[in-house]
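For reference, the structure discussed in these notes is given below.
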Amino acid sequence: MQKLKQIFGIVAIVLLVFMYVLTIVFALTDDPHSMTLFKASVVATVIIPVFLWVIRIFLNIAKPDNSEFDEATKNSKKDSKKN
C-alpha cells in the first residue's frame, strides 16, 4: 500500500508541474486559441489537486481498519505460547 501511495504522489506531482508549465506556455504564446487554453489550464490547475485530495480522502475512508484483528491475533499467539 505504501508503494501505491508513493506512485500516486509522484504521478500527482508530475501532473501538476506539467499543468503549471502549460499554463505559462499558453500565457506567453500569441495564438488565437491561447486564451481559451490558458483558462482551461488554470481551471485544471485548481480542479486536479482538489480531485486528488478527494480521492485520497475516499481511500482513507475505504481502508479497512485491522487494528482489532491485529489485537486478537497477538492475544491468541500469547495464549498459545503459555500452553
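Each chain in the C-alpha cells gets a letter, A, B and so on, in the order shown; residues start at 1 in every chain, and ligands are counted from 1 in the order they appear.
Residues within 12 Å of A:Trp53, counting only C-alpha atoms and excluding same-chain residues fewer than 6 positions away, are Phe8, Gly9, Ala12, Val46, Ile47, Leu59 and Asn60 of chain A.
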File dump, residues just selected, all heavy atoms, as a PDB file, in the first residue's frame:
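So the final result, stored in part_12.pdb, reads:
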ATOM      1  N   PHE A   8       1.327   7.142  -6.590  1.00  0.00           N
ATOM      2  CA  PHE A   8       0.237   8.101  -6.739  1.00  0.00           C
ATOM      3  C   PHE A   8       0.741   9.524  -6.492  1.00  0.00           C
ATOM      4  O   PHE A   8       0.403  10.451  -7.231  1.00  0.00           O
ATOM      5  CB  PHE A   8      -0.884   7.733  -5.779  1.00  0.00           C
ATOM      6  CG  PHE A   8      -2.116   8.572  -5.911  1.00  0.00           C
ATOM      7  CD1 PHE A   8      -2.929   8.466  -7.023  1.00  0.00           C
ATOM      8  CD2 PHE A   8      -2.465   9.463  -4.916  1.00  0.00           C
ATOM      9  CE1 PHE A   8      -4.062   9.234  -7.144  1.00  0.00           C
ATOM     10  CE2 PHE A   8      -3.600  10.228  -5.022  1.00  0.00           C
ATOM     11  CZ  PHE A   8      -4.406  10.117  -6.142  1.00  0.00           C
ATOM     12  N   GLY A   9       1.568   9.711  -5.481  1.00  0.00           N
ATOM     13  CA  GLY A   9       2.108  11.025  -5.174  1.00  0.00           C
ATOM     14  C   GLY A   9       3.035  11.553  -6.260  1.00  0.00           C
ATOM     15  O   GLY A   9       2.971  12.723  -6.628  1.00  0.00           O
ATOM     16  N   ALA A  12       0.982  12.582  -9.236  1.00  0.00           N
ATOM     17  CA  ALA A  12       0.297  13.844  -8.954  1.00  0.00           C
ATOM     18  C   ALA A  12       1.253  15.030  -9.090  1.00  0.00           C
ATOM     19  O   ALA A  12       0.893  16.053  -9.679  1.00  0.00           O
ATOM     20  CB  ALA A  12      -0.309  13.808  -7.560  1.00  0.00           C
ATOM     21  N   VAL A  46      -6.500  24.097 -10.663  1.00  0.00           N
ATOM     22  CA  VAL A  46      -7.240  24.139  -9.404  1.00  0.00           C
ATOM     23  C   VAL A  46      -8.001  22.825  -9.187  1.00  0.00           C
ATOM     24  O   VAL A  46      -8.008  22.276  -8.082  1.00  0.00           O
ATOM     25  CB  VAL A  46      -8.219  25.337  -9.393  1.00  0.00           C
ATOM     26  CG1 VAL A  46      -9.123  25.292  -8.188  1.00  0.00           C
ATOM     27  CG2 VAL A  46      -7.446  26.639  -9.456  1.00  0.00           C
ATOM     28  N   ILE A  47      -8.629  22.306 -10.228  1.00  0.00           N
ATOM     29  CA  ILE A  47      -9.509  21.136 -10.089  1.00  0.00           C
ATOM     30  C   ILE A  47      -8.722  19.854  -9.835  1.00  0.00           C
ATOM     31  O   ILE A  47      -9.150  19.020  -9.030  1.00  0.00           O
ATOM     32  CB  ILE A  47     -10.379  20.996 -11.347  1.00  0.00           C
ATOM     33  CG1 ILE A  47     -11.258  22.214 -11.442  1.00  0.00           C
ATOM     34  CG2 ILE A  47     -11.115  19.686 -11.381  1.00  0.00           C
ATOM     35  CD1 ILE A  47     -12.690  22.045 -11.624  1.00  0.00           C
ATOM     36  N   LEU A  59      -9.957   7.014  -0.214  1.00  0.00           N
ATOM     37  CA  LEU A  59      -9.105   5.845   0.019  1.00  0.00           C
ATOM     38  C   LEU A  59      -8.855   5.636   1.509  1.00  0.00           C
ATOM     39  O   LEU A  59      -8.814   4.502   1.981  1.00  0.00           O
ATOM     40  CB  LEU A  59      -7.781   5.989  -0.725  1.00  0.00           C
ATOM     41  CG  LEU A  59      -7.843   5.823  -2.234  1.00  0.00           C
ATOM     42  CD1 LEU A  59      -6.478   6.097  -2.856  1.00  0.00           C
ATOM     43  CD2 LEU A  59      -8.333   4.441  -2.609  1.00  0.00           C
ATOM     44  N   ASN A  60      -8.696   6.715   2.252  1.00  0.00           N
ATOM     45  CA  ASN A  60      -8.516   6.587   3.703  1.00  0.00           C
ATOM     46  C   ASN A  60      -9.784   6.083   4.379  1.00  0.00           C
ATOM     47  O   ASN A  60      -9.720   5.318   5.335  1.00  0.00           O
ATOM     48  CB  ASN A  60      -8.094   7.918   4.317  1.00  0.00           C
ATOM     49  CG  ASN A  60      -6.646   8.238   4.038  1.00  0.00           C
ATOM     50  OD1 ASN A  60      -5.860   7.361   3.722  1.00  0.00           O
ATOM     51  ND2 ASN A  60      -6.305   9.508   4.138  1.00  0.00           N
TER      52      ASN A  60
END
message: Just checking: using only C-alpha atoms, which residue out of A:Leu28, A:Ile10, A:Leu16, A:Val21 ends up closest to A:Thr45?
response: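 Ranked by minimum distance to A:Thr45, first place goes to A:Leu16.
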- prompt: Near A:Phe18, within 12 Å and counting only C-alpha atoms, which residues show up once chain neighbours fewer than 6 positions away are dropped, as a list in words?
  reply: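 These residues fall inside the cut-off: Val11, Ala12, Ile24, Val25, Ser41, Val42, Ala44, Thr45 and Ile48 of chain A.
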- request: Kindly indicate which residue among A:Ile55, A:Ile61, A:Ile7, A:Val43 lies nearest to A:Thr23, using only C-alpha atoms for the distances.
  value: A:Val43
query: atom CA of A:Ile13 and atom CA of A:Asp30 are how many Å apart?
result: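 It comes out at 28.0 Å.
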query: Distance atom CA of A:Leu37-atom CA of A:Leu22, one decimal place?
result: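 Atom-to-atom, atom CA of A:Leu37 to atom CA of A:Leu22, that is 8.9 Å.
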